[in-house]
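Engineer: File follows, coords-v9.txt with compact mmCIF, C-alpha atoms and all ligand atoms:
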```txt
# COMPACT_ATOMS: atom_id res chain seq x y z
CA MET A 422 -242.49 -50.57 -76.42
CA ALA A 423 -238.77 -50.10 -75.73
CA SER A 424 -237.43 -46.73 -74.61
CA ILE A 425 -235.90 -44.14 -76.94
CA PRO A 426 -232.33 -44.89 -75.71
CA GLU A 427 -232.88 -48.64 -76.25
CA ASN A 428 -234.32 -48.06 -79.71
CA LEU A 429 -231.43 -45.79 -80.64
CA GLN A 430 -228.99 -48.42 -79.50
CA ALA A 431 -230.78 -51.06 -81.60
CA VAL A 432 -230.73 -48.82 -84.71
CA ARG A 433 -227.02 -48.09 -84.25
CA GLU A 434 -226.44 -51.82 -84.02
CA ARG A 435 -228.40 -52.42 -87.26
CA ILE A 436 -226.27 -49.77 -88.99
CA ARG A 437 -223.08 -51.35 -87.65
CA ARG A 438 -224.08 -54.82 -88.86
CA ALA A 439 -225.21 -53.60 -92.27
CA ALA A 440 -221.95 -51.70 -92.71
CA GLU A 441 -219.96 -54.75 -91.71
CA ALA A 442 -221.90 -56.93 -94.18
CA ALA A 443 -221.14 -54.39 -96.92
CA GLY A 444 -217.46 -54.20 -95.99
CA ARG A 445 -217.80 -50.53 -95.08
CA PRO A 446 -216.59 -48.75 -91.94
CA ALA A 447 -219.54 -48.12 -89.58
CA GLY A 448 -218.32 -44.55 -89.19
CA SER A 449 -219.06 -43.86 -92.87
CA ILE A 450 -222.81 -43.86 -92.18
CA SER A 451 -224.51 -41.22 -90.09
CA LEU A 452 -227.88 -41.50 -88.41
CA LEU A 453 -230.50 -38.79 -88.79
CA ALA A 454 -233.30 -39.15 -86.22
CA VAL A 455 -236.59 -38.14 -87.86
CA THR A 456 -238.82 -36.26 -85.42
CA LYS A 457 -242.00 -35.26 -87.25
CA GLY A 458 -244.80 -35.53 -84.69
CA VAL A 459 -242.26 -36.03 -81.86
CA ASN A 460 -242.34 -33.36 -79.16
CA ALA A 461 -239.34 -31.45 -77.80
CA ALA A 462 -239.24 -33.46 -74.55
CA ARG A 463 -238.85 -36.74 -76.45
CA ILE A 464 -236.26 -35.19 -78.77
CA ALA A 465 -234.35 -34.20 -75.61
CA GLU A 466 -234.40 -37.88 -74.52
CA ALA A 467 -232.70 -38.81 -77.77
CA VAL A 468 -230.15 -36.02 -77.25
CA ALA A 469 -229.40 -37.36 -73.77
CA ALA A 470 -228.77 -40.76 -75.42
CA GLY A 471 -226.15 -39.20 -77.69
CA GLN A 472 -228.13 -38.27 -80.83
CA SER A 473 -227.45 -34.79 -82.21
CA ALA A 474 -228.77 -34.73 -85.81
CA PHE A 475 -232.52 -34.47 -86.39
CA GLY A 476 -234.77 -34.44 -89.45
CA GLU A 477 -238.07 -32.57 -89.73
CA ASN A 478 -240.76 -32.47 -92.43
CA PHE A 479 -242.90 -29.48 -91.55
CA ALA A 480 -241.35 -26.03 -91.30
CA GLN A 481 -243.66 -24.47 -88.72
CA GLU A 482 -243.70 -27.49 -86.40
CA ALA A 483 -239.92 -27.74 -86.65
CA VAL A 484 -239.19 -24.09 -85.92
CA GLU A 485 -241.33 -24.25 -82.76
CA LYS A 486 -239.42 -27.28 -81.47
CA ILE A 487 -236.01 -25.88 -82.47
CA THR A 488 -236.81 -22.69 -80.55
CA GLU A 489 -237.99 -24.64 -77.50
CA LEU A 490 -234.86 -26.82 -77.44
CA GLU A 491 -232.59 -23.80 -77.87
CA ARG A 492 -234.30 -22.02 -74.97
CA SER A 493 -233.77 -25.04 -72.72
CA GLY A 494 -230.07 -25.11 -73.67
CA THR A 495 -230.27 -28.54 -75.37
CA GLY A 496 -227.61 -29.09 -77.96
CA PRO A 497 -225.84 -27.99 -80.09
CA LEU A 498 -228.03 -29.89 -82.56
CA ALA A 499 -227.98 -30.17 -86.35
CA TRP A 500 -231.34 -29.74 -88.08
CA HIS A 501 -232.11 -31.26 -91.47
CA PHE A 502 -235.23 -30.33 -93.43
CA ILE A 503 -236.41 -33.46 -95.27
CA GLY A 504 -240.04 -32.75 -96.20
CA PRO A 505 -241.62 -31.33 -99.35
CA LEU A 506 -240.76 -27.65 -99.50
CA GLN A 507 -243.15 -24.97 -100.69
CA GLY A 508 -241.88 -21.62 -101.89
CA ASN A 509 -243.62 -19.74 -99.08
CA LYS A 510 -241.76 -21.79 -96.44
CA THR A 511 -238.20 -21.18 -97.67
CA GLY A 512 -237.92 -18.02 -95.54
CA LEU A 513 -238.67 -20.07 -92.43
CA VAL A 514 -236.36 -22.95 -93.32
CA ALA A 515 -233.25 -21.21 -94.69
CA PRO A 516 -232.16 -19.44 -91.47
CA ARG A 517 -233.12 -22.23 -89.01
CA PHE A 518 -231.83 -25.41 -90.63
CA ASP A 519 -228.30 -26.64 -91.37
CA TRP A 520 -229.36 -28.90 -94.23
CA VAL A 521 -232.20 -29.26 -96.75
CA HIS A 522 -232.47 -32.72 -98.38
CA SER A 523 -235.52 -32.09 -100.52
CA VAL A 524 -234.43 -29.54 -103.14
CA ASP A 525 -236.12 -30.58 -106.38
CA ARG A 526 -236.58 -27.44 -108.42
CA GLU A 527 -234.73 -24.31 -109.40
CA ARG A 528 -237.20 -21.90 -107.86
CA ILE A 529 -236.82 -23.50 -104.41
CA ALA A 530 -233.02 -23.51 -104.68
CA ARG A 531 -232.98 -19.81 -105.57
CA ARG A 532 -235.39 -18.88 -102.79
CA LEU A 533 -233.39 -20.84 -100.19
CA ALA A 534 -230.17 -19.14 -101.33
CA ALA A 535 -231.79 -15.71 -101.15
CA ALA A 536 -233.13 -16.40 -97.64
CA ARG A 537 -229.91 -17.85 -96.17
CA PRO A 538 -228.42 -15.14 -93.93
CA GLU A 539 -224.99 -13.78 -94.97
CA GLY A 540 -223.22 -14.48 -91.69
CA MET A 541 -224.12 -18.17 -91.61
CA LYS A 542 -222.32 -21.12 -93.15
CA PRO A 543 -223.88 -21.97 -96.54
CA LEU A 544 -227.00 -24.14 -96.33
CA GLN A 545 -225.99 -27.75 -97.02
CA VAL A 546 -228.29 -29.23 -99.65
CA CYS A 547 -229.16 -32.48 -101.38
CA ILE A 548 -231.16 -32.83 -104.57
CA GLN A 549 -234.13 -35.16 -104.15
CA VAL A 550 -234.42 -37.73 -106.95
CA ASN A 551 -237.55 -39.78 -107.59
CA VAL A 552 -236.06 -43.22 -108.24
CA SER A 553 -239.31 -45.17 -108.43
CA GLY A 554 -241.11 -42.92 -110.86
CA GLU A 555 -244.51 -42.46 -109.20
CA ALA A 556 -246.23 -39.35 -110.50
CA SER A 557 -247.25 -38.22 -107.00
CA LYS A 558 -243.84 -38.20 -105.29
CA SER A 559 -241.54 -35.23 -105.15
CA GLY A 560 -238.06 -35.30 -106.61
CA VAL A 561 -236.54 -34.78 -110.04
CA ARG A 562 -236.51 -37.62 -112.54
CA PRO A 563 -233.21 -39.52 -112.65
CA GLY A 564 -230.90 -37.56 -114.95
CA GLU A 565 -232.55 -34.20 -114.28
CA GLU A 566 -230.39 -33.70 -111.19
CA GLU A 567 -227.50 -32.71 -113.47
CA HIS A 568 -229.18 -29.49 -114.57
CA LEU A 569 -230.26 -28.62 -111.02
CA ALA A 570 -226.73 -29.33 -109.73
CA GLU A 571 -225.34 -26.79 -112.23
CA ILE A 572 -227.75 -24.16 -110.92
CA ILE A 573 -227.05 -24.90 -107.24
CA ALA A 574 -223.30 -24.76 -107.85
CA GLN A 575 -223.72 -21.11 -108.94
CA LEU A 576 -225.58 -20.12 -105.77
CA PRO A 577 -223.13 -18.83 -103.15
CA ARG A 578 -225.37 -19.38 -100.10
CA LEU A 579 -225.92 -23.08 -100.90
CA GLU A 580 -223.43 -25.95 -100.79
CA LEU A 581 -224.41 -29.07 -102.73
CA ARG A 582 -223.55 -32.21 -100.75
CA GLY A 583 -225.30 -35.02 -102.61
CA LEU A 584 -228.57 -36.75 -103.43
CA MET A 585 -231.58 -37.94 -101.47
CA THR A 586 -234.42 -40.32 -102.28
CA ILE A 587 -237.57 -41.84 -100.76
CA PRO A 588 -238.31 -44.94 -102.85
CA GLU A 589 -241.77 -46.45 -103.02
CA PRO A 590 -241.81 -49.33 -100.48
CA SER A 591 -241.39 -52.74 -102.08
CA PRO A 592 -241.63 -56.24 -100.56
CA ASP A 593 -238.95 -57.35 -103.03
CA ALA A 594 -235.40 -56.83 -101.73
CA ARG A 595 -234.02 -56.82 -105.28
CA VAL A 596 -236.34 -53.96 -106.24
CA ARG A 597 -235.34 -51.99 -103.14
CA ARG A 598 -231.66 -52.55 -103.87
CA ARG A 599 -232.05 -51.53 -107.52
CA ARG A 600 -233.66 -48.22 -106.58
CA PHE A 601 -230.94 -47.35 -104.08
CA ALA A 602 -228.32 -48.41 -106.63
CA LEU A 603 -229.85 -45.97 -109.12
CA LEU A 604 -229.33 -43.07 -106.69
CA ARG A 605 -225.72 -44.15 -106.12
CA GLU A 606 -225.15 -44.25 -109.89
CA ARG A 607 -226.58 -40.74 -110.27
CA LEU A 608 -224.18 -39.52 -107.54
CA GLU A 609 -221.27 -41.22 -109.28
CA ALA A 610 -222.24 -39.53 -112.55
CA LEU A 611 -222.12 -36.11 -110.87
CA THR A 612 -218.80 -36.94 -109.24
CA ALA A 613 -217.42 -37.94 -112.66
CA ARG A 614 -218.39 -34.46 -113.90
CA GLY A 615 -216.25 -32.89 -111.19
CA TYR A 616 -218.72 -32.21 -108.38
CA ARG A 617 -217.28 -32.90 -104.93
CA LEU A 618 -220.11 -34.70 -103.18
CA ASP A 619 -220.14 -36.93 -100.12
CA THR A 620 -223.79 -37.58 -99.24
CA LEU A 621 -226.21 -40.30 -100.28
CA SER A 622 -229.28 -39.73 -98.09
CA MET A 623 -231.29 -42.94 -98.38
CA GLY A 624 -232.77 -45.65 -96.17
CA MET A 625 -235.44 -45.44 -93.44
CA SER A 626 -236.69 -47.71 -90.63
CA ASP A 627 -237.77 -50.53 -92.94
CA ASP A 628 -235.01 -50.54 -95.53
CA LEU A 629 -231.84 -49.06 -94.07
CA GLU A 630 -229.90 -52.32 -94.57
CA ASP A 631 -230.60 -52.28 -98.33
CA ALA A 632 -229.63 -48.62 -98.54
CA ILE A 633 -226.35 -49.19 -96.69
CA ALA A 634 -225.55 -52.12 -98.97
CA GLU A 635 -225.86 -49.69 -101.90
CA GLY A 636 -223.73 -46.96 -100.38
CA ALA A 637 -225.97 -44.79 -98.16
CA THR A 638 -223.91 -42.33 -96.10
CA LEU A 639 -226.88 -41.01 -94.12
CA VAL A 640 -229.99 -42.97 -93.08
CA ARG A 641 -233.16 -41.18 -91.93
CA VAL A 642 -234.92 -43.13 -89.19
CA GLY A 643 -238.12 -42.20 -87.34
CA THR A 644 -240.39 -45.10 -86.40
CA ALA A 645 -237.63 -47.46 -85.25
CA ILE A 646 -236.49 -44.82 -82.73
CA PHE A 647 -239.68 -43.05 -81.62
CA GLY A 648 -242.35 -45.66 -82.35
CA PRO A 649 -245.29 -45.51 -84.76
CA ARG A 650 -246.59 -42.04 -85.60
CA ARG A 651 -250.12 -41.24 -84.43
CA THR A 652 -251.36 -39.13 -87.30
C1 LIG A 701 -240.83 -39.81 -92.06
C2 LIG A 701 -239.62 -39.83 -92.92
C3 LIG A 701 -238.54 -40.68 -92.65
C4 LIG A 701 -238.55 -41.70 -91.52
O1 LIG A 701 -239.37 -42.77 -91.86
P1 LIG A 701 -239.52 -44.03 -90.85
O2 LIG A 701 -240.10 -45.08 -91.72
O3 LIG A 701 -240.42 -43.58 -89.76
O4 LIG A 701 -238.15 -44.37 -90.38
C5 LIG A 701 -237.42 -40.60 -93.45
N1 LIG A 701 -237.36 -39.73 -94.48
C6 LIG A 701 -238.36 -38.90 -94.78
C7 LIG A 701 -238.23 -37.96 -95.92
C8 LIG A 701 -239.54 -38.94 -94.02
O5 LIG A 701 -240.55 -38.12 -94.35
```
What does this structure look like when you write it as structure tokens?
Structural biologist:
Amino acid sequence: MASIPENLQAVRERIRRAAEAAGRPAGSISLLAVTKGVNAARIAEAVAAGQSAFGENFAQEAVEKITELERSGTGPLAWHFIGPLQGNKTGLVAPRFDWVHSVDRERIARRLAAARPEGMKPLQVCIQVNVSGEASKSGVRPGEEEHLAEIIAQLPRLELRGLMTIPEPSPDARVRRRRFALLRERLEALTARGYRLDTLSMGMSDDLEDAIAEGATLVRVGTAIFGPRRT
């Protein structure tokens, strides 16, 4: 298994090639390194290799690692919460993260806004959209993001940046592309209504090329950087 710096280099190269193939500047796509199950020492290896934005799925696990990395003087780092968010975890997430990608209901948006400390920059948020329609996945149904965007726009401690999705994996590249295209179309619809948005959070280790072809501005990559998760 290659080292974390080598893997990071390989992922950056994939992003560069996919951007080039799509006729987009490589700098228009940012890389979020997903660190669920990855300990602070290995996160620090990625930091040493130039990575500064990290995504976490579990509030308690994340806060422990953020605290440990802060104590050791690693950073500054940007932390993105990307996992399903329960109401009782918003108080833990709102003061410790810079971004939350997984806002999918009004109650969570209001709780995050209430828990974001006054002196901090507003919490940067994305609305999660369920583009493949499975009953079990989180995210609003396509179209429902418009109502949630209206609510978030009224909340002073939150700043809406865009949309996020986790499509069901598909072996068919056309299906993958169509799902990412749907998220891009939903973002364009919000932009047409006057929202100033700049983030399409889509694409992971197995499908980042398809996501970039459809306009991803941020890809979330775990396995291709840190190896398979032992869960
Ligand atoms: C785990 C996770 C990722 C990273 O997935 P990989 O396939 O390991 O790259 C991206 N986004 C979310 C929301 C995740 O939970």
Engineer: To one decimal place in Å, what is the distance between atom CA of A:Ala467 and atom CA of A:Ser451?
Structural biologist: 15.0 Å
Engineer: Please report as CSV every residue of chain A lying within 7 Å of ligand LIG 701 (chain A), along with the nearest atom pair and their distance in Å (one decimal), using all atoms listed in the file.
Structural biologist:
```
residue,atom,partner,partner_atom,distance
A:Val455,CA,A:LIG701,C4,5.5
A:Lys457,CA,A:LIG701,C1,6.7
A:Asn478,CA,A:LIG701,O5,6.0
A:Ile503,CA,A:LIG701,C7,4.9
A:Gly504,CA,A:LIG701,C7,5.5
A:Ile587,CA,A:LIG701,C7,6.2
A:Met625,CA,A:LIG701,O4,4.2
A:Ser626,CA,A:LIG701,O4,3.7
A:Asp627,CA,A:LIG701,O2,6.1
A:Arg641,CA,A:LIG701,C5,4.6
A:Val642,CA,A:LIG701,O4,3.7
A:Gly643,CA,A:LIG701,O3,3.6
A:Thr644,CA,A:LIG701,O3,3.7
A:Ala645,CA,A:LIG701,O4,6.0
```
Engineer: For the selection you just gave me, I'd like the residues written to a file as a PDB file, in the coordinates of the input, keeping C-alpha atoms.
Structural biologist:
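In the end it all went to out.pdb:
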```
ATOM      1  CA  VAL A 455    -236.590 -38.140 -87.860  1.00  0.00           C
ATOM      2  CA  LYS A 457    -242.000 -35.260 -87.250  1.00  0.00           C
ATOM      3  CA  ASN A 478    -240.760 -32.470 -92.430  1.00  0.00           C
ATOM      4  CA  ILE A 503    -236.410 -33.460 -95.270  1.00  0.00           C
ATOM      5  CA  GLY A 504    -240.040 -32.750 -96.200  1.00  0.00           C
ATOM      6  CA  ILE A 587    -237.570 -41.840-100.760  1.00  0.00           C
ATOM      7  CA  MET A 625    -235.440 -45.440 -93.440  1.00  0.00           C
ATOM      8  CA  SER A 626    -236.690 -47.710 -90.630  1.00  0.00           C
ATOM      9  CA  ASP A 627    -237.770 -50.530 -92.940  1.00  0.00           C
ATOM     10  CA  ARG A 641    -233.160 -41.180 -91.930  1.00  0.00           C
ATOM     11  CA  VAL A 642    -234.920 -43.130 -89.190  1.00  0.00           C
ATOM     12  CA  GLY A 643    -238.120 -42.200 -87.340  1.00  0.00           C
ATOM     13  CA  THR A 644    -240.390 -45.100 -86.400  1.00  0.00           C
ATOM     14  CA  ALA A 645    -237.630 -47.460 -85.250  1.00  0.00           C
TER      15      ALA A 645
END
```
Engineer: To one decimal place in Å, what is the distance between atom CA of A:Arg597 and atom CA of A:Phe479?
Structural biologist: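 Going from atom CA of A:Arg597 over to atom CA of A:Phe479 covers 26.4 Å.
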Engineer: Name all residues at most 9 Å from A:Glu566 (count all atoms listed in the file; drop same-chain ones fewer than 6 positions away) and give them as a PyMOL selection string.
Structural biologist: chain A and resi 525+548-550+584+607+611
Engineer: Using all atoms listed in the file, find the one residue out of A:Leu490, A:Glu539, A:Ala480, A:Ala443 that sits nearest to A:Thr511.
Structural biologist: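 Of A:Leu490, A:Glu539, A:Ala480, A:Ala443, the one nearest A:Thr511, counting all atoms listed in the file, is A:Ala480.
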Engineer: I need the residue nearest A:Glu477 from this list: A:Ala613, A:Ala465, A:Ala632, A:Val514. Use only C-alpha atoms for the distance.
Structural biologist: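 Of A:Ala613, A:Ala465, A:Ala632, A:Val514, the one nearest A:Glu477, counting only C-alpha atoms, is A:Val514.
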Engineer: For A:Ala442, list every protein, DNA or RNA residue within 10 Å, evaluated using only C-alpha atoms, and leave out those in the same chain fewer than 6 positions away; present the list as a ChimeraX atom specification.
Structural biologist: /A:436,630,633-634
Engineer: What is the distance, in Å and to one decimal place, between atom CA of A:Ala594 and atom CA of A:Glu635?
Structural biologist: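 Value for the atom CA of A:Ala594-atom CA of A:Glu635 distance: 11.9 Å.
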Engineer: Taking all atoms listed in the file into account, which of A:Arg595, A:Arg531, A:Arg435, A:Arg582 comes nearest A:Leu608?
Structural biologist: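 Ranked by minimum distance to A:Leu608, first place goes to A:Arg582.
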Engineer: Which residue out of A:Ile529, A:Val596, A:Ile487, A:Leu604 has the minimum interatomic distance to A:Gln507 when only C-alpha atoms are used?
Structural biologist: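 The closest residue to A:Gln507 is A:Ile529.
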Engineer: Looking at all atoms listed in the file, which of A:Ile425, A:Val640, A:Ala461, A:Ala570 is the one that sits closest to A:Thr495?
Structural biologist: A:Ala461
Engineer: With only C-alpha atoms as the counted atoms, please give the residues lying no more than 10 Å from A:Arg517, apart from itself and same-chain residues fewer than 5 positions off, as an NGL selection string.
Structural biologist: :A and (480 or 483-484 or 487-488 or 499-502 or 512 or 537-538 or 544)
Engineer: With only C-alpha atoms as the basis for distance, which of A:Ala535, A:Ala470, A:Ile572, A:Leu453 is at the shortest distance from A:Ser622?
Structural biologist: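 Answer, going by the shortest atom-to-atom distance: A:Leu453.
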Engineer: Place N, CA, C and O atoms on stretch 603-629 of chain A and deliver the coordinates as a compact mmCIF listing (two decimals), in the frame of the given file.
Structural biologist:
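The new file part_0.txt reads:
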```txt
# COMPACT_ATOMS: atom_id res chain seq x y z
N LEU A 603 -229.66 -47.03 -108.13
CA LEU A 603 -229.85 -45.97 -109.12
C LEU A 603 -229.41 -44.62 -108.54
O LEU A 603 -228.74 -43.83 -109.22
N LEU A 604 -229.74 -44.35 -107.28
CA LEU A 604 -229.33 -43.07 -106.69
C LEU A 604 -227.80 -43.01 -106.60
O LEU A 604 -227.19 -41.98 -106.88
N ARG A 605 -227.18 -44.13 -106.20
CA ARG A 605 -225.72 -44.15 -106.12
C ARG A 605 -225.10 -43.88 -107.50
O ARG A 605 -224.15 -43.10 -107.62
N GLU A 606 -225.69 -44.47 -108.54
CA GLU A 606 -225.15 -44.25 -109.89
C GLU A 606 -225.29 -42.79 -110.31
O GLU A 606 -224.41 -42.25 -110.97
N ARG A 607 -226.40 -42.17 -109.91
CA ARG A 607 -226.58 -40.74 -110.27
C ARG A 607 -225.53 -39.90 -109.54
O ARG A 607 -225.02 -38.92 -110.08
N LEU A 608 -225.22 -40.26 -108.28
CA LEU A 608 -224.18 -39.52 -107.54
C LEU A 608 -222.82 -39.71 -108.21
O LEU A 608 -222.05 -38.76 -108.37
N GLU A 609 -222.55 -40.95 -108.62
CA GLU A 609 -221.27 -41.22 -109.28
C GLU A 609 -221.16 -40.43 -110.58
O GLU A 609 -220.07 -39.96 -110.93
N ALA A 610 -222.28 -40.29 -111.29
CA ALA A 610 -222.24 -39.53 -112.55
C ALA A 610 -221.90 -38.07 -112.29
O ALA A 610 -221.14 -37.45 -113.04
N LEU A 611 -222.45 -37.51 -111.21
CA LEU A 611 -222.12 -36.11 -110.87
C LEU A 611 -220.65 -36.00 -110.46
O LEU A 611 -219.96 -35.05 -110.84
N THR A 612 -220.19 -36.96 -109.68
CA THR A 612 -218.80 -36.94 -109.24
C THR A 612 -217.86 -37.00 -110.46
O THR A 612 -216.86 -36.29 -110.52
N ALA A 613 -218.23 -37.82 -111.44
CA ALA A 613 -217.42 -37.94 -112.66
C ALA A 613 -217.36 -36.61 -113.42
O ALA A 613 -216.42 -36.34 -114.16
N ARG A 614 -218.39 -35.77 -113.24
CA ARG A 614 -218.39 -34.46 -113.90
C ARG A 614 -217.67 -33.40 -113.07
O ARG A 614 -217.70 -32.22 -113.42
N GLY A 615 -217.08 -33.81 -111.95
CA GLY A 615 -216.25 -32.89 -111.19
C GLY A 615 -216.88 -32.34 -109.93
O GLY A 615 -216.24 -31.57 -109.21
N TYR A 616 -218.11 -32.68 -109.63
CA TYR A 616 -218.72 -32.21 -108.38
C TYR A 616 -218.10 -32.96 -107.21
O TYR A 616 -217.89 -34.17 -107.28
N ARG A 617 -217.82 -32.24 -106.13
CA ARG A 617 -217.28 -32.90 -104.93
C ARG A 617 -218.43 -33.14 -103.97
O ARG A 617 -218.87 -32.23 -103.28
N LEU A 618 -218.92 -34.36 -103.95
CA LEU A 618 -220.11 -34.70 -103.18
C LEU A 618 -219.81 -35.86 -102.25
O LEU A 618 -219.02 -36.74 -102.59
N ASP A 619 -220.44 -35.86 -101.08
CA ASP A 619 -220.14 -36.93 -100.12
C ASP A 619 -221.38 -37.52 -99.47
O ASP A 619 -221.27 -38.29 -98.52
N THR A 620 -222.58 -37.17 -99.95
CA THR A 620 -223.79 -37.58 -99.24
C THR A 620 -224.79 -38.32 -100.13
O THR A 620 -225.22 -37.80 -101.15
N LEU A 621 -225.11 -39.53 -99.69
CA LEU A 621 -226.21 -40.30 -100.28
C LEU A 621 -227.21 -40.51 -99.16
O LEU A 621 -227.01 -41.36 -98.28
N SER A 622 -228.28 -39.70 -99.15
CA SER A 622 -229.28 -39.73 -98.09
C SER A 622 -230.38 -40.70 -98.50
O SER A 622 -231.26 -40.37 -99.30
N MET A 623 -230.29 -41.92 -98.01
CA MET A 623 -231.29 -42.94 -98.38
C MET A 623 -231.34 -44.04 -97.34
O MET A 623 -230.33 -44.36 -96.72
N GLY A 624 -232.56 -44.61 -97.16
CA GLY A 624 -232.77 -45.65 -96.17
C GLY A 624 -233.53 -45.10 -94.98
O GLY A 624 -233.21 -44.04 -94.46
N MET A 625 -234.60 -45.83 -94.57
CA MET A 625 -235.44 -45.44 -93.44
C MET A 625 -235.60 -46.67 -92.53
O MET A 625 -234.86 -47.64 -92.66
N SER A 626 -236.57 -46.62 -91.61
CA SER A 626 -236.69 -47.71 -90.63
C SER A 626 -236.76 -49.10 -91.27
O SER A 626 -236.17 -50.05 -90.78
N ASP A 627 -237.51 -49.21 -92.38
CA ASP A 627 -237.77 -50.53 -92.94
C ASP A 627 -236.73 -51.01 -93.94
O ASP A 627 -236.74 -52.18 -94.32
N ASP A 628 -235.89 -50.11 -94.43
CA ASP A 628 -235.01 -50.54 -95.53
C ASP A 628 -233.58 -50.02 -95.40
O ASP A 628 -232.84 -49.99 -96.38
N LEU A 629 -233.17 -49.66 -94.18
CA LEU A 629 -231.84 -49.06 -94.07
C LEU A 629 -230.72 -50.03 -94.43
O LEU A 629 -229.67 -49.62 -94.94
```
